[in-house]
$ cat coords-v4.cif   # mmCIF, C-alpha atoms
data_upload
loop_
_atom_site.group_PDB
_atom_site.id
_atom_site.type_symbol
_atom_site.label_atom_id
_atom_site.label_comp_id
_atom_site.auth_asym_id
_atom_site.auth_seq_id
_atom_site.Cartn_x
_atom_site.Cartn_y
_atom_site.Cartn_z
ATOM 1 C CA MET A 1 136.294 94.413 8.186
ATOM 2 C CA PRO A 2 139.511 93.229 9.867
ATOM 3 C CA THR A 3 141.797 95.568 11.752
ATOM 4 C CA TYR A 4 145.517 94.943 11.611
ATOM 5 C CA LYS A 5 147.247 95.942 14.825
ATOM 6 C CA VAL A 6 150.857 96.289 13.773
ATOM 7 C CA SER A 7 154.027 96.828 15.772
ATOM 8 C CA ILE A 8 156.341 98.717 13.439
ATOM 9 C CA VAL A 9 160.080 98.603 14.027
ATOM 10 C CA VAL A 10 162.980 100.185 12.141
ATOM 11 C CA PRO A 11 166.174 98.453 13.336
ATOM 12 C CA GLY A 12 168.619 100.989 14.754
ATOM 13 C CA ARG A 13 165.963 103.699 14.913
ATOM 14 C CA ARG A 14 164.121 104.154 18.198
ATOM 15 C CA ASP A 15 162.701 107.500 17.083
ATOM 16 C CA VAL A 16 160.278 106.048 14.539
ATOM 17 C CA GLY A 17 157.871 103.149 14.499
ATOM 18 C CA GLY A 18 155.329 102.263 17.133
ATOM 19 C CA ILE A 19 151.960 100.557 17.216
ATOM 20 C CA GLN A 20 149.301 101.392 14.648
ATOM 21 C CA ASN A 21 145.900 100.037 13.698
ATOM 22 C CA LEU A 22 145.755 99.617 9.915
ATOM 23 C CA ASP A 23 142.761 98.870 7.683
ATOM 24 C CA GLU A 24 144.902 97.042 5.115
ATOM 25 C CA GLU A 25 147.284 94.171 5.759
ATOM 26 C CA PRO A 26 150.865 95.442 5.419
ATOM 27 C CA LYS A 27 153.009 93.495 2.967
ATOM 28 C CA PRO A 28 156.758 93.346 2.279
ATOM 29 C CA GLY A 29 157.807 95.791 -0.424
ATOM 30 C CA GLU A 30 155.126 98.343 0.452
ATOM 31 C CA ILE A 31 156.092 101.901 1.351
ATOM 32 C CA ILE A 32 154.835 103.485 4.546
ATOM 33 C CA ILE A 33 155.327 106.941 5.992
ATOM 34 C CA LEU A 34 156.427 107.214 9.616
ATOM 35 C CA GLY A 35 156.650 110.775 10.820
ATOM 36 C CA LYS A 36 157.981 112.670 7.796
ATOM 37 C CA GLU A 37 160.090 109.823 6.384
ATOM 38 C CA LYS A 38 159.341 107.021 3.942
ATOM 39 C CA PHE A 39 160.178 103.426 4.817
ATOM 40 C CA GLU A 40 159.965 100.117 3.001
ATOM 41 C CA ILE A 41 158.405 97.145 4.764
ATOM 42 C CA VAL A 42 160.930 94.325 4.532
ATOM 43 C CA ASP A 43 159.265 91.644 6.681
ATOM 44 C CA VAL A 44 155.853 90.985 8.246
ATOM 45 C CA ALA A 45 155.172 88.267 10.825
ATOM 46 C CA GLU A 46 152.228 87.310 13.024
ATOM 47 C CA LEU A 47 152.985 88.448 16.572
ATOM 48 C CA MET A 48 149.965 86.803 18.236
ATOM 49 C CA PRO A 49 146.995 84.732 16.995
ATOM 50 C CA PRO A 50 144.011 86.780 15.747
ATOM 51 C CA ARG A 51 141.081 87.621 18.058
ATOM 52 C CA GLY A 52 137.718 88.777 16.761
ATOM 53 C CA ASP A 53 138.336 91.060 13.795
ATOM 54 C CA PHE A 54 141.840 91.880 14.996
ATOM 55 C CA ALA A 55 145.059 90.476 13.532
ATOM 56 C CA TYR A 56 148.314 91.078 15.424
ATOM 57 C CA LEU A 57 151.337 91.656 13.198
ATOM 58 C CA HIS A 58 154.951 92.769 13.475
ATOM 59 C CA ALA A 59 156.489 94.723 10.590
ATOM 60 C CA VAL A 60 160.198 95.394 10.140
ATOM 61 C CA CYS A 61 161.029 98.400 7.959
ATOM 62 C CA ARG A 62 164.060 100.085 6.475
ATOM 63 C CA PRO A 63 164.614 103.731 5.504
ATOM 64 C CA ILE A 64 164.407 104.593 1.824
ATOM 65 C CA ASP A 65 167.325 106.643 0.571
ATOM 66 C CA GLU A 66 166.055 109.457 -1.647
ATOM 67 C CA MET B 1 126.288 108.365 19.563
ATOM 68 C CA SER B 2 126.383 105.968 16.590
ATOM 69 C CA GLU B 3 129.621 107.595 15.393
ATOM 70 C CA ILE B 4 131.231 106.856 18.758
ATOM 71 C CA LYS B 5 129.839 103.316 18.731
ATOM 72 C CA ASP B 6 131.233 102.669 15.249
ATOM 73 C CA PHE B 7 134.612 103.897 16.482
ATOM 74 C CA LEU B 8 134.470 101.706 19.604
ATOM 75 C CA LYS B 9 133.887 98.624 17.425
ATOM 76 C CA ARG B 10 137.379 99.221 15.982
ATOM 77 C CA VAL B 11 139.047 99.586 19.391
ATOM 78 C CA GLU B 12 140.697 96.429 20.683
ATOM 79 C CA MET B 13 139.652 97.085 24.272
ATOM 80 C CA PHE B 14 136.050 96.507 23.250
ATOM 81 C CA ILE B 15 136.365 93.312 21.160
ATOM 82 C CA ASN B 16 133.415 90.933 21.745
ATOM 83 C CA LEU B 17 131.184 93.572 23.346
ATOM 84 C CA SER B 18 127.523 93.489 22.298
ATOM 85 C CA ASP B 19 125.733 96.515 20.823
ATOM 86 C CA THR B 20 124.066 97.132 24.178
ATOM 87 C CA MET B 21 127.424 97.064 25.962
ATOM 88 C CA LEU B 22 128.928 99.439 23.401
ATOM 89 C CA ASP B 23 126.024 101.859 23.998
ATOM 90 C CA LYS B 24 126.914 101.900 27.693
ATOM 91 C CA VAL B 25 130.591 102.607 26.952
ATOM 92 C CA ALA B 26 129.743 105.264 24.328
ATOM 93 C CA ALA B 27 127.705 107.120 26.947
ATOM 94 C CA LEU B 28 130.904 107.585 28.997
ATOM 95 C CA CYS B 29 133.051 108.963 26.126
ATOM 96 C CA GLN B 30 134.003 112.660 26.168
ATOM 97 C CA ALA B 31 135.644 114.109 23.039
ATOM 98 C CA ARG B 32 138.971 115.901 23.635
ATOM 99 C CA SER B 33 141.450 117.643 21.309
ATOM 100 C CA PHE B 34 145.176 118.260 21.819
ATOM 101 C CA SER B 35 147.608 120.188 19.631
ATOM 102 C CA ALA B 36 150.958 118.684 18.662
ATOM 103 C CA SER B 37 153.492 118.604 21.552
ATOM 104 C CA ASN B 38 150.834 119.267 24.210
ATOM 105 C CA THR B 39 151.005 117.080 27.319
ATOM 106 C CA ILE B 40 147.986 114.820 27.829
ATOM 107 C CA ILE B 41 149.177 112.888 30.886
ATOM 108 C CA GLU B 42 151.907 113.786 33.401
ATOM 109 C CA ARG B 43 154.010 110.987 34.860
ATOM 110 C CA ASN B 44 153.274 110.315 38.584
ATOM 111 C CA SER B 45 149.986 112.242 38.459
ATOM 112 C CA PRO B 46 146.797 110.604 39.778
ATOM 113 C CA ALA B 47 145.183 108.270 37.252
ATOM 114 C CA ASP B 48 141.468 108.939 37.058
ATOM 115 C CA ASN B 49 140.773 108.549 33.359
ATOM 116 C CA PHE B 50 141.925 106.786 30.204
ATOM 117 C CA PHE B 51 141.947 107.681 26.539
ATOM 118 C CA LEU B 52 141.133 106.252 23.112
ATOM 119 C CA ILE B 53 142.871 107.729 20.056
ATOM 120 C CA LYS B 54 140.337 108.763 17.416
ATOM 121 C CA GLU B 55 142.844 110.547 15.160
ATOM 122 C CA GLY B 56 146.530 111.430 15.444
ATOM 123 C CA THR B 57 149.552 110.014 17.227
ATOM 124 C CA VAL B 58 150.792 110.218 20.820
ATOM 125 C CA GLU B 59 154.146 109.366 22.372
ATOM 126 C CA ILE B 60 154.542 107.509 25.652
ATOM 127 C CA ILE B 61 157.597 108.993 27.384
ATOM 128 C CA THR B 62 159.298 107.632 30.497
ATOM 129 C CA ALA B 63 162.041 110.256 30.845
ATOM 130 C CA PRO B 64 160.346 113.622 30.205
ATOM 131 C CA ASP B 65 162.722 115.601 32.433
ATOM 132 C CA GLN B 66 165.506 115.573 29.880
ATOM 133 C CA GLU B 67 166.189 118.419 27.490
ATOM 134 C CA GLU B 68 163.697 118.442 24.654
ATOM 135 C CA THR B 69 166.328 117.367 22.136
ATOM 136 C CA GLU B 70 166.948 114.251 24.209
ATOM 137 C CA ILE B 71 163.333 113.338 24.888
ATOM 138 C CA ILE B 72 163.301 110.913 21.979
ATOM 139 C CA ASP B 73 165.542 108.631 24.067
ATOM 140 C CA GLY B 74 162.734 108.298 26.589
ATOM 141 C CA VAL B 75 159.975 107.506 24.084
ATOM 142 C CA VAL B 76 158.778 104.004 24.845
ATOM 143 C CA VAL B 77 156.246 103.731 22.071
ATOM 144 C CA SER B 78 154.193 105.804 19.661
ATOM 145 C CA LEU B 79 150.488 105.008 19.468
ATOM 146 C CA GLY B 80 148.081 105.827 16.659
ATOM 147 C CA ARG B 81 144.398 105.642 15.721
ATOM 148 C CA GLY B 82 142.392 103.025 17.560
ATOM 149 C CA GLN B 83 144.908 102.609 20.376
ATOM 150 C CA SER B 84 144.235 103.249 24.064
ATOM 151 C CA PHE B 85 146.448 104.608 26.834
ATOM 152 C CA GLY B 86 146.102 105.299 30.543
ATOM 153 C CA GLU B 87 144.077 102.106 31.000
ATOM 154 C CA MET B 88 146.625 100.562 33.398
ATOM 155 C CA SER B 89 144.855 102.566 36.106
ATOM 156 C CA LEU B 90 141.830 100.316 35.614
ATOM 157 C CA VAL B 91 143.954 97.349 36.631
ATOM 158 C CA ASP B 92 146.279 98.622 39.388
ATOM 159 C CA SER B 93 144.830 102.012 40.492
ATOM 160 C CA GLY B 94 148.416 103.330 40.588
ATOM 161 C CA ALA B 95 149.720 106.735 39.546
ATOM 162 C CA ARG B 96 150.690 107.413 35.923
ATOM 163 C CA SER B 97 153.777 105.438 34.916
ATOM 164 C CA ALA B 98 154.678 107.676 31.972
ATOM 165 C CA THR B 99 154.090 111.065 30.412
ATOM 166 C CA VAL B 100 151.992 111.115 27.245
ATOM 167 C CA LYS B 101 152.347 113.874 24.671
ATOM 168 C CA ALA B 102 150.535 114.527 21.423
ATOM 169 C CA ALA B 103 152.991 113.959 18.567
ATOM 170 C CA THR B 104 150.494 115.428 16.086
ATOM 171 C CA ASN B 105 147.198 117.266 16.422
ATOM 172 C CA THR B 106 145.189 114.575 18.153
ATOM 173 C CA GLU B 107 141.501 113.769 18.659
ATOM 174 C CA LEU B 108 140.735 111.567 21.671
ATOM 175 C CA TYR B 109 137.860 110.125 23.632
ATOM 176 C CA GLU B 110 138.341 110.416 27.391
ATOM 177 C CA ILE B 111 136.627 107.975 29.765
ATOM 178 C CA ASP B 112 136.401 108.478 33.535
ATOM 179 C CA SER B 113 138.018 105.426 35.167
ATOM 180 C CA HIS B 114 135.740 105.391 38.235
ATOM 181 C CA ARG B 115 132.563 105.480 36.161
ATOM 182 C CA PHE B 116 133.961 102.836 33.805
ATOM 183 C CA LEU B 117 134.884 100.521 36.705
ATOM 184 C CA GLU B 118 131.373 100.980 38.103
ATOM 185 C CA LEU B 119 130.051 99.863 34.720
ATOM 186 C CA CYS B 120 132.389 96.832 34.749
ATOM 187 C CA GLU B 121 131.130 95.845 38.210
ATOM 188 C CA THR B 122 127.493 96.354 37.260
ATOM 189 C CA ASP B 123 127.774 94.486 33.949
ATOM 190 C CA THR B 124 130.260 91.742 34.802
ATOM 191 C CA ASP B 125 130.167 90.183 31.312
ATOM 192 C CA LEU B 126 131.327 93.528 29.938
ATOM 193 C CA GLY B 127 133.901 93.803 32.742
ATOM 194 C CA PHE B 128 135.358 90.364 32.020
ATOM 195 C CA GLN B 129 135.676 91.024 28.272
ATOM 196 C CA VAL B 130 137.293 94.422 28.790
ATOM 197 C CA MET B 131 139.804 93.153 31.369
ATOM 198 C CA ARG B 132 140.738 90.245 29.094
ATOM 199 C CA ASN B 133 141.176 92.637 26.181
ATOM 200 C CA ILE B 134 143.379 94.904 28.305
ATOM 201 C CA ALA B 135 145.523 91.879 29.215
ATOM 202 C CA VAL B 136 145.953 91.012 25.523
ATOM 203 C CA ASP B 137 146.882 94.619 24.720
ATOM 204 C CA LEU B 138 149.507 94.695 27.483
ATOM 205 C CA SER B 139 150.866 91.378 26.183
ATOM 206 C CA PHE B 140 151.134 92.838 22.666
ATOM 207 C CA LYS B 141 152.981 95.898 23.996
ATOM 208 C CA LEU B 142 155.406 93.684 25.943
ATOM 209 C CA ARG B 143 156.102 91.617 22.828
ATOM 210 C CA TYR B 144 156.638 94.843 20.848
ATOM 211 C CA ARG B 145 158.976 96.153 23.553
ATOM 212 C CA ASN B 146 160.999 92.932 23.366
ATOM 213 C CA LEU B 147 161.486 93.395 19.619
ATOM 214 C CA ILE B 148 162.819 96.972 19.532
#

$ encode --input "coords-v4.cif" --output "structure tokens"
Amino acid sequence: MPTYKVSIVVPGRRDVGGIQNLDEEPKPGEIIILGKEKFEIVDVAELMPPRGDFAYLHAVCRPIDE
Amino acid sequence: MSEIKDFLKRVEMFINLSDTMLDKVAALCQARSFSASNTIIERNSPADNFFLIKEGTVEIITAPDQEETEIIDGVVVSLGRGQSFGEMSLVDSGARSATVKAATNTELYEIDSHRFLELCETDTDLGFQVMRNIAVDLSFKLRYRNLI
């Protein structure tokens, strides 16, 4: 089963995001929870070529206004 | 032991290790628990161990001396399940470069750096794979740092 190592960035927000290992590949349009807030993934790109069962991705997110 | 081994298979530092190698690493793992906001590593303290995150999230902080409300400015990165920290000591033997705090209730595996380096020197195939994996992880973190 692949592991997706994802760097998660919210532009303008240094207090959320980080690096997470995910079991499912993140896709644009999906909602993720960082801390206590919900964010929408707006872009996903490969950060480095895969090694073994690991894929290296970069996800850009935006806050969801509720 | 098999639970630890299954976990290690999902940790990047141990990509391409055989089952026998993973058994050797699993034998060095000590389970640790930290409550949210507890300090796991103090900046500038001696580095004699490293950690694997089983559950929870930690924050790597480079400016922990500020008031608590300002600490967020010093957070370099948050790390979650499957990530490692403190492993730079395996490469440079230097003191801790950052403070690490538990952002949530956190379950970790702690590995003694001296015993792990002895294992790397005894089993050089294992040592080469681990050091290469650490290099890739540091590269990933640099790329991440360049994007925030």

$ residues_around --input "coords-v4.cif" --residues "segment 57-66 of chain A" --least-positions-apart "2" --cutoff "7 Å" --atoms "all atoms listed in the file" --output "mmCIF file with C-alpha atoms, keeping the file's coordinate frame"
data_model
loop_
_atom_site.group_PDB
_atom_site.id
_atom_site.type_symbol
_atom_site.label_atom_id
_atom_site.label_comp_id
_atom_site.auth_asym_id
_atom_site.auth_seq_id
_atom_site.Cartn_x
_atom_site.Cartn_y
_atom_site.Cartn_z
ATOM 1 C CA TYR A 4 145.517 94.943 11.611
ATOM 2 C CA LYS A 5 147.247 95.942 14.825
ATOM 3 C CA VAL A 6 150.857 96.289 13.773
ATOM 4 C CA SER A 7 154.027 96.828 15.772
ATOM 5 C CA ILE A 8 156.341 98.717 13.439
ATOM 6 C CA VAL A 9 160.080 98.603 14.027
ATOM 7 C CA VAL A 10 162.980 100.185 12.141
ATOM 8 C CA LYS A 38 159.341 107.021 3.942
ATOM 9 C CA PHE A 39 160.178 103.426 4.817
ATOM 10 C CA GLU A 40 159.965 100.117 3.001
ATOM 11 C CA ILE A 41 158.405 97.145 4.764
ATOM 12 C CA VAL A 42 160.930 94.325 4.532
ATOM 13 C CA ASP A 43 159.265 91.644 6.681
ATOM 14 C CA VAL A 44 155.853 90.985 8.246
ATOM 15 C CA ALA A 45 155.172 88.267 10.825
ATOM 16 C CA GLU A 46 152.228 87.310 13.024
ATOM 17 C CA LEU A 47 152.985 88.448 16.572
ATOM 18 C CA ALA A 55 145.059 90.476 13.532
#

$ resolve_selection --input "coords-v4.cif" --expression "the PyMOL selection byres ((chain B) within 7 of (chain A))" --output "list in words"
Ile15, Asn16, Ile72, Val77, Ser78, Leu79, Gly80, Arg81, Gly82, Tyr144 and Ile148 of chain B

$ atom_distance --input "coords-v4.cif" --atom1 "atom CA of Leu90 of chain B" --atom2 "atom CA of Arg10 of chain B"
20.2 Å

$ resolve_selection --input "coords-v4.cif" --expression "the PyMOL selection byres ((chain B and resi 127-137) around 8)" --output "list in words"
Glu12, Met13, Phe14, Ile15, Asn16, Leu17, Glu87, Val91, Leu117, Leu119, Cys120, Glu121, Asp123, Thr124, Asp125, Leu126, Leu138, Ser139, Phe140 and Lys141 of chain B

$ write_last_selection --input "coords-v4.cif" --atoms "C-alpha atoms" --output "CSV table (one decimal), in the frame of the given file"
chain,number,residue,atom,x,y,z
B,12,GLU,CA,140.7,96.4,20.7
B,13,MET,CA,139.7,97.1,24.3
B,14,PHE,CA,136.0,96.5,23.2
B,15,ILE,CA,136.4,93.3,21.2
B,16,ASN,CA,133.4,90.9,21.7
B,17,LEU,CA,131.2,93.6,23.3
B,87,GLU,CA,144.1,102.1,31.0
B,91,VAL,CA,144.0,97.3,36.6
B,117,LEU,CA,134.9,100.5,36.7
B,119,LEU,CA,130.1,99.9,34.7
B,120,CYS,CA,132.4,96.8,34.7
B,121,GLU,CA,131.1,95.8,38.2
B,123,ASP,CA,127.8,94.5,33.9
B,124,THR,CA,130.3,91.7,34.8
B,125,ASP,CA,130.2,90.2,31.3
B,126,LEU,CA,131.3,93.5,29.9
B,138,LEU,CA,149.5,94.7,27.5
B,139,SER,CA,150.9,91.4,26.2
B,140,PHE,CA,151.1,92.8,22.7
B,141,LYS,CA,153.0,95.9,24.0

$ resolve_selection --input "coords-v4.cif" --expression "the PyMOL selection byres ((chain B and resi 26-40) around 8)" --output "list in words"
Met1, Ile4, Lys5, Leu8, Leu22, Asp23, Lys24, Val25, Ile41, Glu42, Thr99, Val100, Lys101, Ala102, Ala103, Thr104, Asn105, Thr106, Glu107, Leu108, Tyr109, Glu110, Ile111, Asp112, Arg115 and Phe116 of chain B

$ atom_distance --input "coords-v4.cif" --atom1 "atom CA of Ile61 of chain B" --atom2 "atom CA of Arg145 of chain B"
13.5 Å
